[in-house]
$ cat data.cif   # mmCIF, C-alpha atoms
data_upload
#
loop_
_atom_site.label_atom_id
_atom_site.label_comp_id
_atom_site.auth_asym_id
_atom_site.auth_seq_id
_atom_site.Cartn_x
_atom_site.Cartn_y
_atom_site.Cartn_z
CA MET G 238 -69.99 -33.86 17.47
CA ARG G 239 -69.51 -37.09 15.60
CA GLN G 240 -68.37 -36.71 11.99
CA HIS G 241 -69.99 -38.88 9.36
CA ILE G 242 -69.32 -40.20 5.93
CA THR G 243 -68.80 -37.45 3.37
CA LYS G 244 -70.27 -37.19 -0.10
CA THR G 245 -67.01 -38.46 -1.53
CA GLY G 246 -67.25 -41.64 0.51
CA ILE G 247 -64.53 -40.91 3.07
CA ILE G 248 -65.08 -42.11 6.65
CA ARG G 249 -63.90 -39.51 9.14
CA LYS G 250 -62.90 -41.85 11.95
CA PRO G 251 -59.60 -42.59 13.67
CA LEU G 252 -57.41 -44.34 11.11
CA LEU G 253 -56.56 -47.22 13.45
CA ILE G 254 -60.27 -47.93 14.02
CA ILE G 255 -60.94 -48.02 10.27
CA ILE G 256 -57.93 -50.23 9.51
CA GLY G 257 -58.67 -52.55 12.42
CA THR G 258 -62.30 -52.90 11.37
CA LEU G 259 -61.35 -53.68 7.76
CA PHE G 260 -58.83 -56.34 8.82
CA CYS G 261 -61.35 -57.96 11.17
CA LEU G 262 -64.02 -57.96 8.46
CA PHE G 263 -61.56 -59.68 6.16
CA TYR G 264 -60.63 -62.19 8.85
CA PHE G 265 -64.25 -63.22 9.47
CA SER G 266 -64.70 -63.82 5.73
CA GLU G 267 -62.14 -66.66 6.05
CA ALA G 268 -60.55 -65.76 2.73
CA ILE G 269 -56.95 -66.49 1.62
CA PHE G 270 -55.22 -67.65 4.81
CA PRO G 271 -57.20 -70.86 5.45
CA LEU G 272 -56.69 -71.67 1.77
CA LEU G 273 -52.93 -71.14 2.05
CA ALA G 274 -52.85 -73.40 5.08
CA MET G 275 -54.79 -76.15 3.37
CA SER G 276 -51.76 -77.76 1.75
CA SER G 277 -50.07 -78.15 5.14
CA ILE G 278 -53.04 -79.75 6.85
CA GLU G 279 -52.73 -83.48 7.14
CA THR G 280 -55.23 -85.79 5.55
CA MET G 281 -58.20 -86.31 7.84
CA ASP G 282 -57.90 -89.50 9.82
CA ILE G 283 -61.40 -90.48 10.84
CA SER G 284 -61.20 -92.90 13.71
CA LYS G 285 -63.34 -96.02 13.64
CA THR G 286 -64.79 -95.86 17.12
CA GLY G 287 -68.00 -97.79 16.53
CA ALA G 288 -70.08 -94.69 17.21
CA ALA G 289 -72.36 -93.29 14.56
CA ILE G 290 -70.51 -89.97 14.49
CA THR G 291 -67.10 -88.88 15.63
CA SER G 292 -65.04 -85.72 15.55
CA ILE G 293 -62.46 -85.16 12.85
CA SER G 294 -61.24 -81.80 14.12
CA GLY G 295 -58.86 -83.26 16.65
CA ASN G 296 -57.17 -85.48 14.08
CA THR G 297 -55.99 -82.71 11.79
CA THR G 298 -52.89 -80.60 12.17
CA THR G 299 -53.46 -76.87 11.78
CA PRO G 300 -50.29 -74.83 11.12
CA LEU G 301 -49.11 -72.81 14.10
CA TRP G 302 -49.11 -69.61 12.08
CA LEU G 303 -52.79 -70.05 11.24
CA LYS G 304 -53.64 -70.55 14.93
CA LEU G 305 -51.70 -67.38 15.77
CA TYR G 306 -53.46 -65.52 12.95
CA THR G 307 -56.83 -66.62 14.32
CA ASP G 308 -55.99 -65.73 17.92
CA LEU G 309 -54.57 -62.34 16.88
CA PHE G 310 -57.69 -61.22 15.07
CA LEU G 311 -60.05 -62.60 17.67
CA ALA G 312 -58.15 -60.50 20.22
CA ALA G 313 -58.23 -57.46 17.90
CA SER G 314 -61.98 -57.90 17.45
CA LEU G 315 -62.51 -58.06 21.21
CA LEU G 316 -60.42 -54.91 21.65
CA LEU G 317 -62.56 -53.00 19.16
CA ILE G 318 -65.70 -54.34 20.84
CA PHE G 319 -64.39 -53.07 24.19
CA PHE G 320 -64.27 -49.52 22.78
CA ARG G 321 -68.06 -49.70 22.33
CA ILE G 322 -68.85 -52.00 25.23
CA ASN G 323 -71.86 -49.99 26.50
CA GLU G 324 -73.61 -50.11 23.13
CA VAL G 325 -72.72 -53.79 22.68
CA ILE G 326 -74.22 -54.55 26.09
CA PHE G 327 -77.35 -52.69 24.99
CA PHE G 328 -77.61 -54.96 21.92
CA ILE G 329 -77.07 -58.00 24.12
CA LYS G 330 -79.99 -56.91 26.31
CA THR G 331 -82.25 -56.33 23.31
CA ASN G 332 -81.37 -59.67 21.68
CA LYS G 333 -81.52 -62.04 24.62
CA ILE G 334 -82.63 -65.08 22.60
CA TYR G 335 -79.72 -64.74 20.17
CA VAL G 336 -77.22 -64.27 22.99
CA LEU G 337 -78.72 -67.28 24.78
CA LEU G 338 -78.11 -69.30 21.62
CA LEU G 339 -74.48 -68.14 21.54
CA VAL G 340 -74.01 -69.04 25.21
CA TYR G 341 -75.58 -72.46 24.60
CA ILE G 342 -73.16 -73.02 21.71
CA LEU G 343 -70.28 -72.17 24.03
CA PHE G 344 -71.49 -74.55 26.74
CA SER G 345 -72.01 -77.32 24.18
CA SER G 346 -68.23 -77.69 24.15
CA VAL G 347 -68.47 -79.32 27.57
CA TRP G 348 -70.16 -82.43 26.16
CA ALA G 349 -68.65 -82.25 22.66
CA LEU G 350 -66.56 -85.12 21.33
CA ASP G 351 -63.61 -82.76 20.97
CA PHE G 352 -63.70 -80.10 23.69
CA LEU G 353 -60.93 -77.82 22.38
CA ALA G 354 -62.00 -77.94 18.72
CA SER G 355 -65.61 -77.25 19.65
CA LEU G 356 -64.62 -74.44 22.02
CA ARG G 357 -62.49 -72.69 19.39
CA GLU G 358 -65.32 -72.88 16.88
CA ALA G 359 -67.84 -71.60 19.44
CA ILE G 360 -65.59 -68.70 20.46
CA LYS G 361 -65.20 -67.67 16.82
CA ILE G 362 -69.00 -67.63 16.36
CA PHE G 363 -69.46 -65.72 19.64
CA VAL G 364 -66.86 -63.05 18.83
CA ALA G 365 -68.12 -62.69 15.24
CA SER G 366 -71.61 -61.99 16.57
CA LEU G 367 -70.40 -59.43 19.08
CA PHE G 368 -68.39 -57.80 16.30
CA GLY G 369 -71.62 -57.46 14.34
CA PHE G 370 -73.04 -55.54 17.30
CA PHE G 371 -69.87 -53.40 17.36
CA LEU G 372 -70.35 -52.48 13.70
CA ALA G 373 -73.92 -51.40 14.40
CA ALA G 374 -72.77 -49.27 17.34
CA ARG G 375 -69.71 -47.66 15.75
CA PHE G 376 -70.72 -46.83 12.17
CA SER G 377 -73.64 -45.35 10.29
CA GLY G 378 -75.41 -47.37 7.62
CA LYS G 379 -73.58 -45.66 4.77
CA GLU G 380 -70.23 -46.01 6.50
CA LEU G 381 -70.93 -49.72 6.84
CA LEU G 382 -71.71 -49.90 3.13
CA LEU G 383 -68.36 -48.34 2.29
CA LEU G 384 -66.42 -50.58 4.69
CA LEU G 385 -68.10 -53.69 3.28
CA SER G 386 -67.38 -52.51 -0.27
CA ILE G 387 -63.66 -52.13 0.47
CA THR G 388 -63.49 -55.55 2.12
CA MET G 389 -65.36 -57.28 -0.68
CA ALA G 390 -63.23 -55.55 -3.32
CA VAL G 391 -60.09 -57.03 -1.77
CA ILE G 392 -61.70 -60.48 -1.74
CA VAL G 393 -62.84 -60.18 -5.38
CA ILE G 394 -59.35 -59.18 -6.55
CA SER G 395 -57.64 -61.89 -4.49
CA SER G 396 -60.06 -64.53 -5.83
CA PHE G 397 -59.17 -63.69 -9.42
CA VAL G 398 -55.46 -63.64 -8.53
CA PHE G 399 -55.62 -67.09 -6.96
CA ALA G 400 -57.76 -68.62 -9.71
CA LEU G 401 -55.77 -67.20 -12.64
CA GLY G 402 -52.28 -66.90 -11.16
CA PHE G 403 -52.27 -69.85 -8.77
CA PRO G 404 -54.90 -72.33 -10.04
CA GLU G 405 -53.56 -75.06 -7.75
CA TYR G 406 -55.11 -72.98 -4.97
CA GLY G 407 -57.92 -71.04 -6.66
CA VAL G 408 -59.46 -73.85 -8.73
CA HIS G 409 -60.61 -77.27 -7.57
CA SER G 410 -58.09 -79.69 -9.04
CA SER G 411 -59.72 -83.03 -8.24
CA GLY G 412 -62.95 -84.77 -7.32
CA GLU G 413 -66.46 -83.90 -8.39
CA HIS G 414 -65.69 -80.17 -8.43
CA LEU G 415 -62.77 -80.46 -10.85
CA GLY G 416 -62.23 -77.20 -12.73
CA GLU G 417 -64.69 -75.18 -10.65
CA TRP G 418 -63.41 -71.93 -9.17
CA ARG G 419 -63.07 -71.44 -5.42
CA GLY G 420 -61.03 -68.23 -5.58
CA ALA G 421 -59.61 -67.19 -2.23
CA PHE G 422 -61.69 -69.78 -0.35
CA MET G 423 -61.38 -73.47 0.46
CA HIS G 424 -64.57 -74.43 -1.39
CA LYS G 425 -66.54 -73.14 -4.36
CA ASN G 426 -69.72 -72.77 -2.31
CA SER G 427 -67.94 -70.44 0.12
CA LEU G 428 -66.89 -68.31 -2.83
CA ALA G 429 -70.47 -68.18 -4.11
CA VAL G 430 -71.91 -67.20 -0.71
CA VAL G 431 -69.48 -64.33 -0.15
CA MET G 432 -69.65 -63.13 -3.75
CA ASN G 433 -73.41 -62.88 -3.59
CA ILE G 434 -73.04 -60.69 -0.50
CA ALA G 435 -70.42 -58.71 -2.42
CA PHE G 436 -72.82 -58.28 -5.35
CA ILE G 437 -75.51 -56.91 -3.02
CA THR G 438 -73.00 -54.52 -1.45
CA PHE G 439 -71.56 -53.23 -4.72
CA ALA G 440 -74.98 -52.84 -6.33
CA LEU G 441 -76.21 -50.72 -3.42
CA SER G 442 -72.95 -48.73 -3.39
CA THR G 443 -73.49 -47.95 -7.07
CA MET G 444 -76.88 -46.48 -6.14
CA HIS G 445 -75.57 -44.37 -3.25
CA PHE G 446 -72.02 -43.20 -3.95
CA LYS G 447 -72.02 -40.96 -7.00
CA LYS G 448 -68.25 -40.71 -7.07
CA PHE G 449 -66.56 -43.90 -8.34
CA ARG G 450 -69.99 -45.27 -9.29
CA TRP G 451 -68.57 -47.12 -12.31
CA ILE G 452 -65.92 -48.75 -10.14
CA TYR G 453 -68.60 -50.16 -7.84
CA ALA G 454 -70.58 -51.31 -10.86
CA GLY G 455 -67.48 -53.02 -12.25
CA PHE G 456 -66.88 -54.88 -9.01
CA ALA G 457 -70.54 -55.96 -8.97
CA VAL G 458 -70.04 -57.50 -12.42
CA LEU G 459 -66.83 -59.22 -11.30
CA ALA G 460 -68.59 -60.63 -8.22
CA ALA G 461 -71.36 -62.01 -10.43
CA ILE G 462 -68.78 -63.58 -12.76
CA LEU G 463 -67.14 -65.31 -9.80
CA VAL G 464 -70.50 -66.76 -8.75
CA LEU G 465 -70.96 -68.15 -12.26
CA LEU G 466 -67.42 -69.55 -12.39
CA SER G 467 -67.92 -71.28 -9.06
CA GLN G 468 -70.73 -73.24 -10.76
CA SER G 469 -72.64 -73.30 -7.48
CA GLY G 470 -76.27 -74.05 -8.35
CA THR G 471 -77.65 -72.41 -5.23
CA GLY G 472 -75.33 -69.45 -5.66
CA ILE G 473 -76.55 -68.85 -9.22
CA VAL G 474 -80.20 -69.12 -8.14
CA ILE G 475 -79.63 -66.59 -5.34
CA LEU G 476 -77.77 -64.25 -7.70
CA SER G 477 -80.75 -64.35 -10.05
CA LEU G 478 -83.14 -63.55 -7.18
CA ILE G 479 -80.94 -60.65 -6.07
CA ILE G 480 -80.94 -59.20 -9.59
CA ILE G 481 -84.73 -59.29 -9.86
CA SER G 482 -85.34 -58.29 -6.23
CA PRO G 483 -85.93 -54.57 -7.06
CA LEU G 484 -89.16 -55.72 -8.70
CA PHE G 485 -90.68 -57.08 -5.48
CA LEU G 486 -88.88 -55.18 -2.68
CA PRO G 487 -91.28 -52.18 -2.93
CA PHE G 488 -94.06 -54.59 -1.94
CA PHE G 489 -92.76 -54.65 1.62
CA ARG G 490 -93.32 -50.90 1.96
CA LEU G 491 -97.05 -51.23 1.37
CA PRO G 492 -99.49 -51.03 4.34
CA GLY G 493 -99.92 -54.39 6.03
CA ALA G 494 -96.84 -55.76 4.31
CA LEU G 495 -95.58 -57.49 7.43
CA ALA G 496 -98.73 -59.54 7.91
CA VAL G 497 -98.94 -60.41 4.21
CA SER G 498 -95.27 -61.43 4.20
CA CYS G 499 -95.79 -63.79 7.12
CA ILE G 500 -98.80 -65.35 5.37
CA LEU G 501 -96.83 -65.84 2.16
CA THR G 502 -94.00 -67.42 4.12
CA LEU G 503 -96.38 -69.88 5.76
CA ILE G 504 -97.90 -70.71 2.36
CA CYS G 505 -94.45 -71.41 0.90
CA LEU G 506 -93.47 -73.60 3.85
CA GLY G 507 -96.77 -75.46 3.64
CA SER G 508 -96.29 -76.03 -0.08
CA LEU G 509 -92.81 -77.39 0.50
CA ILE G 510 -94.05 -79.76 3.21
CA PHE G 511 -96.84 -80.95 0.92
CA VAL G 512 -94.42 -81.72 -1.88
CA LEU G 513 -92.08 -83.55 0.50
CA VAL G 514 -94.87 -85.61 2.08
CA GLU G 515 -97.21 -86.24 -0.83
CA GLY G 516 -95.47 -85.57 -4.10
CA THR G 517 -96.86 -86.76 -7.44
CA THR G 518 -95.84 -89.20 -10.10
CA LEU G 519 -95.29 -86.30 -12.49
CA MET G 520 -93.24 -84.41 -9.91
CA ASP G 521 -91.14 -87.49 -9.20
CA MET G 522 -90.50 -87.93 -12.92
CA LEU G 523 -89.45 -84.31 -13.37
CA LEU G 524 -87.17 -84.38 -10.34
CA LYS G 525 -85.64 -87.68 -11.42
CA ALA G 526 -84.89 -86.16 -14.81
CA LEU G 527 -83.08 -83.33 -13.02
CA GLY G 528 -81.24 -85.76 -10.79
CA LYS G 529 -82.72 -84.07 -7.74
CA ASP G 530 -85.20 -84.63 -4.92
CA PRO G 531 -88.18 -82.45 -3.93
CA THR G 532 -85.84 -79.97 -2.20
CA LEU G 533 -83.81 -79.58 -5.42
CA THR G 534 -80.65 -80.24 -3.42
CA GLY G 535 -80.11 -83.95 -4.04
CA ARG G 536 -79.05 -84.32 -0.42
CA THR G 537 -82.06 -85.57 1.50
CA ASP G 538 -80.48 -89.01 1.76
CA ILE G 539 -77.59 -87.40 3.59
CA TRP G 540 -80.07 -85.76 5.96
CA GLU G 541 -81.72 -89.14 6.52
CA GLY G 542 -78.36 -90.58 7.44
CA PHE G 543 -77.60 -87.83 9.93
CA LEU G 544 -81.02 -88.11 11.55
CA TYR G 545 -80.45 -91.85 11.91
CA SER G 546 -77.08 -91.18 13.53
CA LEU G 547 -78.55 -88.65 15.91
CA SER G 548 -81.24 -91.05 17.10
CA ASP G 549 -78.98 -94.12 17.18
CA TYR G 550 -79.04 -95.43 20.76
CA ARG G 551 -75.32 -96.30 20.57
CA SER G 552 -74.33 -92.67 20.03
CA GLY G 553 -76.03 -91.48 23.23
CA ARG G 554 -76.39 -87.98 21.75
CA VAL G 555 -80.13 -87.72 21.31
CA PHE G 556 -80.61 -84.94 23.88
CA GLU G 557 -77.38 -82.92 23.94
CA GLY G 558 -76.05 -83.14 20.37
CA TYR G 559 -72.41 -83.16 19.31
CA GLY G 560 -71.25 -79.59 19.97
CA ALA G 561 -69.83 -77.02 17.56
CA GLN G 562 -66.91 -79.01 16.17
CA THR G 563 -66.70 -80.59 12.73
CA ILE G 564 -68.44 -83.95 12.59
CA ALA G 565 -68.39 -86.98 10.33
CA ILE G 566 -70.16 -90.31 10.07
CA THR G 567 -67.82 -93.23 10.69
CA ASP G 568 -69.83 -96.24 11.80
CA GLN G 569 -69.29 -98.99 9.23
CA GLY G 570 -72.08 -101.35 8.24
CA ASN G 571 -75.05 -99.34 9.47
CA LEU G 572 -77.75 -97.57 7.51
CA VAL G 573 -75.79 -94.33 7.33
CA THR G 574 -72.76 -95.83 5.63
CA GLN G 575 -74.96 -97.82 3.27
CA ILE G 576 -76.74 -94.64 2.22
CA PHE G 577 -73.48 -92.94 1.35
CA GLU G 578 -72.13 -95.95 -0.54
CA ASP G 579 -75.36 -96.57 -2.46
CA LYS G 580 -75.65 -92.93 -3.51
CA ASN G 581 -71.92 -92.57 -4.17
CA PHE G 582 -71.69 -89.43 -2.04
CA SER G 583 -68.18 -88.09 -1.52
CA SER G 584 -69.05 -85.78 1.38
CA TYR G 585 -70.09 -86.58 4.93
CA ASP G 586 -71.28 -83.00 5.50
CA PRO G 587 -75.06 -82.53 6.00
CA ASN G 588 -74.90 -79.60 3.55
CA ASN G 589 -77.80 -77.99 5.36
CA ALA G 590 -77.44 -75.45 8.16
CA TYR G 591 -80.75 -76.36 9.78
CA MET G 592 -79.81 -80.05 9.86
CA SER G 593 -76.32 -79.16 11.09
CA ILE G 594 -77.72 -77.08 13.97
CA LEU G 595 -80.12 -79.90 14.87
CA LEU G 596 -77.28 -82.40 14.85
CA LYS G 597 -74.92 -80.23 16.90
CA PHE G 598 -77.33 -78.61 19.36
CA VAL G 599 -80.53 -80.70 19.04
CA LEU G 600 -83.93 -79.18 19.92
CA ILE G 601 -82.81 -76.42 22.29
CA GLY G 602 -80.33 -74.93 19.83
CA SER G 603 -82.73 -75.39 16.92
CA LEU G 604 -85.55 -73.61 18.75
CA LEU G 605 -83.30 -70.69 19.74
CA LEU G 606 -82.04 -70.41 16.17
CA ALA G 607 -85.58 -70.46 14.76
CA LEU G 608 -86.67 -67.64 17.10
CA THR G 609 -83.53 -65.66 16.23
CA LEU G 610 -84.08 -66.03 12.49
CA PHE G 611 -87.71 -64.99 12.85
CA LYS G 612 -86.71 -61.84 14.74
CA ALA G 613 -83.95 -61.03 12.23
CA ALA G 614 -86.36 -61.49 9.31
CA TYR G 615 -88.92 -59.28 11.05
CA SER G 616 -86.26 -56.60 11.67
CA ALA G 617 -85.15 -56.72 8.03
CA ILE G 618 -88.71 -56.48 6.69
CA ASN G 619 -89.57 -53.75 9.17
CA GLN G 620 -86.50 -51.76 8.14
CA LEU G 621 -87.54 -51.97 4.51
CA HIS G 622 -91.07 -51.00 5.51
CA THR G 623 -90.10 -47.96 7.59
CA ASP G 624 -86.65 -46.90 6.37
CA THR G 625 -85.79 -45.54 2.93
CA SER G 626 -82.02 -45.66 3.38
CA VAL G 627 -79.92 -47.76 1.05
CA MET G 628 -78.90 -50.21 3.80
CA SER G 629 -82.53 -51.17 4.44
CA ARG G 630 -82.37 -53.14 1.18
CA TRP G 631 -79.13 -54.81 2.23
CA TYR G 632 -80.67 -56.46 5.31
CA ILE G 633 -83.63 -58.03 3.52
CA GLN G 634 -81.47 -59.32 0.66
CA PHE G 635 -79.00 -60.78 3.14
CA MET G 636 -81.78 -62.61 4.99
CA MET G 637 -83.07 -64.00 1.69
CA LEU G 638 -79.56 -65.25 0.92
CA LEU G 639 -79.19 -66.75 4.40
CA PHE G 640 -82.51 -68.62 4.35
CA ILE G 641 -81.96 -70.15 0.89
CA ASN G 642 -78.25 -70.90 1.24
CA SER G 643 -78.87 -72.67 4.55
CA ILE G 644 -80.96 -75.29 2.74
CA THR G 645 -78.06 -76.51 0.60
CA GLU G 646 -75.03 -75.38 2.59
CA ALA G 647 -73.92 -75.68 6.22
CA THR G 648 -73.81 -71.91 6.61
CA ASP G 649 -73.49 -72.27 10.38
CA LYS G 650 -69.76 -72.77 9.73
CA PHE G 651 -69.35 -69.24 8.28
CA PRO G 652 -68.46 -66.69 11.00
CA ILE G 653 -69.14 -63.80 8.61
CA LEU G 654 -72.79 -64.89 8.36
CA TRP G 655 -73.15 -64.95 12.15
CA MET G 656 -71.69 -61.44 12.18
CA PHE G 657 -74.15 -60.19 9.56
CA LEU G 658 -77.03 -61.89 11.38
CA ALA G 659 -76.13 -59.90 14.51
CA LEU G 660 -75.86 -56.75 12.39
CA THR G 661 -79.35 -57.35 11.00
CA LEU G 662 -80.76 -57.86 14.50
CA ALA G 663 -79.26 -54.50 15.49
CA SER G 664 -80.38 -52.74 12.30
CA PRO G 665 -83.29 -50.80 13.90
CA TYR G 666 -80.75 -48.91 16.02
CA ILE G 667 -78.13 -48.17 13.35
CA ARG G 668 -77.81 -44.44 12.77
CA ASP G 669 -78.04 -42.86 9.36
CA GLU G 670 -75.56 -40.28 8.14
CA ASP G 671 -77.48 -37.32 9.58
CA THR G 672 -77.94 -38.70 13.09
CA PRO G 673 -75.23 -37.48 15.51
CA ALA G 674 -75.56 -40.31 18.05
CA PHE G 675 -76.81 -43.78 18.76
CA LYS G 676 -80.56 -43.92 18.03
CA GLN G 677 -81.52 -45.04 21.52
CA SER G 678 -79.95 -44.44 24.90
CA TYR G 679 -78.19 -47.49 26.27
CA ALA G 680 -77.67 -46.09 29.74
#
$ encode --input "data.cif" --output "structure tokens"
Amino acid sequence: MRQHITKTGIIRKPLLIIIGTLFCLFYFSEAIFPLLAMSSIETMDISKTGAAITSISGNTTTPLWLKLYTDLFLAASLLLIFFRINEVIFFIKTNKIYVLLLVYILFSSVWALDFLASLREAIKIFVASLFGFFLAARFSGKELLLLLSITMAVIVISSFVFALGFPEYGVHSSGEHLGEWRGAFMHKNSLAVVMNIAFITFALSTMHFKKFRWIYAGFAVLAAILVLLSQSGTGIVILSLIIISPLFLPFFRLPGALAVSCILTLICLGSLIFVLVEGTTLMDMLLKALGKDPTLTGRTDIWEGFLYSLSDYRSGRVFEGYGAQTIAITDQGNLVTQIFEDKNFSSYDPNNAYMSILLKFVLIGSLLLALTLFKAAYSAINQLHTDTSVMSRWYIQFMMLLFINSITEATDKFPILWMFLALTLASPYIRDEDTPAFKQSYA
């Protein structure tokens, strides 16, 4: 019979499986090693091809050791997945739309501007998602909570070490983010995203694991401090919502909560559309005073530029998109470049996951993603509605983080978020600590 997590928080599993899982979790977080490699990556040389958008991935030099590191852990992840291949196949069958999206992302490399760069990025997303299914198949909810706590603790400690001991790495030293912490990551926003997930994990661990409770609480405080030191506006807003979430999470356990939640979501979306389309003089004045636009991101001009580039007849990418590789606007003298110069933007990133998906995979990819997010949100709300375990709160808080962060950050570039999205999709089948086997037969 399968042994489960004990009251002291010890996972009774083969040691190699535990260690391998922890290392793979850390790899998908993209902490430390990409940051160490940053100084050896050549300055991006964006070619002036005359097209509205071109790839920059092929014009950078990634250190050989970083490529080997990536390949090693992708292979290790696939090996672990193979040990639970039947369950993973079951999750593939029950999440056909999500898997279809992953396959479409893989095939987008065929028409991408940079085939190899796009393929590597697509493979990373694909393996990260399958690894999320592996986690759901291999561990109980409380075991997952402990594994995530250990991983996040290492990232928290390393972020403080880099920022305080090696500020040339851990703190932005130039540009508009001068002095803002990025910890063990390449950008402050990445630090904020992962630390908010860490805060959720540590807070729930404090509630569940009686032993070492104060240690978990201490790490939750440290994670919150890192979010504040990153000075990420969206990160701080999400942290605030996470802190007050216990006040409204019980609502989802009320009868009819799913229908009411959908109605509230539609109302919120409708309100946002109204503000974007209509607006008011007073609203414009308030937003101008804040230096923002109706989305509170200050980036809608960037989105306008990317939409222009996507529809530009010279690019020829209206129907297929640009694939999974990194992209940048390069056409001089057109509306896009004028927008960036007039607004003095220093980044050519859309800073919006929904816009990024639209740009890379156009309508097909966007539709598949929308259906996937809807199903994941439904699964998270349903778990909170029907399950009283501690992890049921984790899923809904993660989805809240994902939806909001995707407005102001290209979260589609984060493999760890794809992994957690797959984990949320599989959440109805994740066993609790008292269940001896997978909740549903996969035969």
$ residues_around --input "data.cif" --residues "Leu372 in chain G" --least-positions-apart "3" --cutoff "8 Å" --atoms "all atoms listed in the file" --output "PyMOL selection string"
chain G and resi 368-369+375-376+381+660
$ atom_distance --input "data.cif" --atom1 "CA of Tyr341 in chain G" --atom2 "CA of Val325 in chain G"
19.0 Å
$ residues_around --input "data.cif" --residues "Leu654 in chain G" --least-positions-apart "2" --cutoff "9 Å" --atoms "all atoms listed in the file" --output "list in words"
Phe265, Ser266, Ala365, Ser366, Leu639, Thr648, Asp649, Lys650, Phe651, Pro652, Met656, Phe657, Leu658 and Ala659 of chain G
$ resolve_selection --input "data.cif" --expression "the PyMOL selection byres ((chain G and resi 397) around 12)" --output "PyMOL selection string"
chain G and resi 269+390-396+398-404+406-408+418-422+428+432+456+459-460+462-464+466-467
$ closest_residue --input "data.cif" --among "G:Phe436, G:Phe446, G:Phe328, G:Trp631" --to "Leu383 in chain G" --atoms "only C-alpha atoms"
G:Phe446
$ atom_distance --input "data.cif" --atom1 "CA of Gln620 in chain G" --atom2 "CA of Pro483 in chain G"
15.5 Å
$ atom_distance --input "data.cif" --atom1 "CA of Val431 in chain G" --atom2 "CA of Lys330 in chain G"
29.4 Å
$ resolve_selection --input "data.cif" --expression "the PyMOL selection byres ((chain G and resi 662) around 10)" --output "JSON, numbers by chain"
{"G": [328, 331, 332, 335, 369, 370, 373, 609, 610, 612, 613, 614, 615, 616, 617, 632, 657, 658, 659, 660, 661, 663, 664, 665, 666]}
$ closest_residue --input "data.cif" --among "G:Leu478, G:Leu385, G:Ile473, G:Leu595" --to "Ile434 in chain G" --atoms "only C-alpha atoms"
G:Leu385
$ closest_residue --input "data.cif" --among "G:Glu358, G:Glu324, G:Glu380, G:Asp351" --to "Leu259 in chain G" --atoms "all atoms listed in the file"
G:Glu380
$ resolve_selection --input "data.cif" --expression "the PyMOL selection byres ((chain G and resi 305-310) around 10)" --output "number ranges by chain"
G: 257, 260-265, 267, 270-271, 300-304, 311-316, 357, 361
$ axis_aligned_box --input "data.cif" --around "range 595-600 of chain G" --padding-each-side "5 Å" --output "lines of an AutoDock Vina configuration file"
center_x = -79.4
center_y = -80.5
center_z = 17.4
size_x = 19.0
size_y = 13.8
size_z = 15.1
$ residues_around --input "data.cif" --residues "Arg321 in chain G" --least-positions-apart "5" --cutoff "9 Å" --atoms "only C-alpha atoms" --output "number ranges by chain"
G: 326, 371, 374-375
$ residues_near_point --input "data.cif" --point "(-83.0, -68.4, -4.8)" --cutoff "10 Å" --atoms "only C-alpha atoms" --output "JSON, numbers by chain"
{"G": [470, 471, 472, 473, 474, 475, 476, 477, 478, 479, 637, 638, 640, 641, 642]}
$ write_last_selection --input "data.cif" --atoms "C-alpha atoms" --output "CSV table (one decimal), keeping the file's coordinate frame"
chain,number,residue,atom,x,y,z
G,470,GLY,CA,-76.3,-74.0,-8.4
G,471,THR,CA,-77.6,-72.4,-5.2
G,472,GLY,CA,-75.3,-69.4,-5.7
G,473,ILE,CA,-76.6,-68.8,-9.2
G,474,VAL,CA,-80.2,-69.1,-8.1
G,475,ILE,CA,-79.6,-66.6,-5.3
G,476,LEU,CA,-77.8,-64.2,-7.7
G,477,SER,CA,-80.8,-64.4,-10.0
G,478,LEU,CA,-83.1,-63.6,-7.2
G,479,ILE,CA,-80.9,-60.6,-6.1
G,637,MET,CA,-83.1,-64.0,1.7
G,638,LEU,CA,-79.6,-65.2,0.9
G,640,PHE,CA,-82.5,-68.6,4.4
G,641,ILE,CA,-82.0,-70.2,0.9
G,642,ASN,CA,-78.2,-70.9,1.2
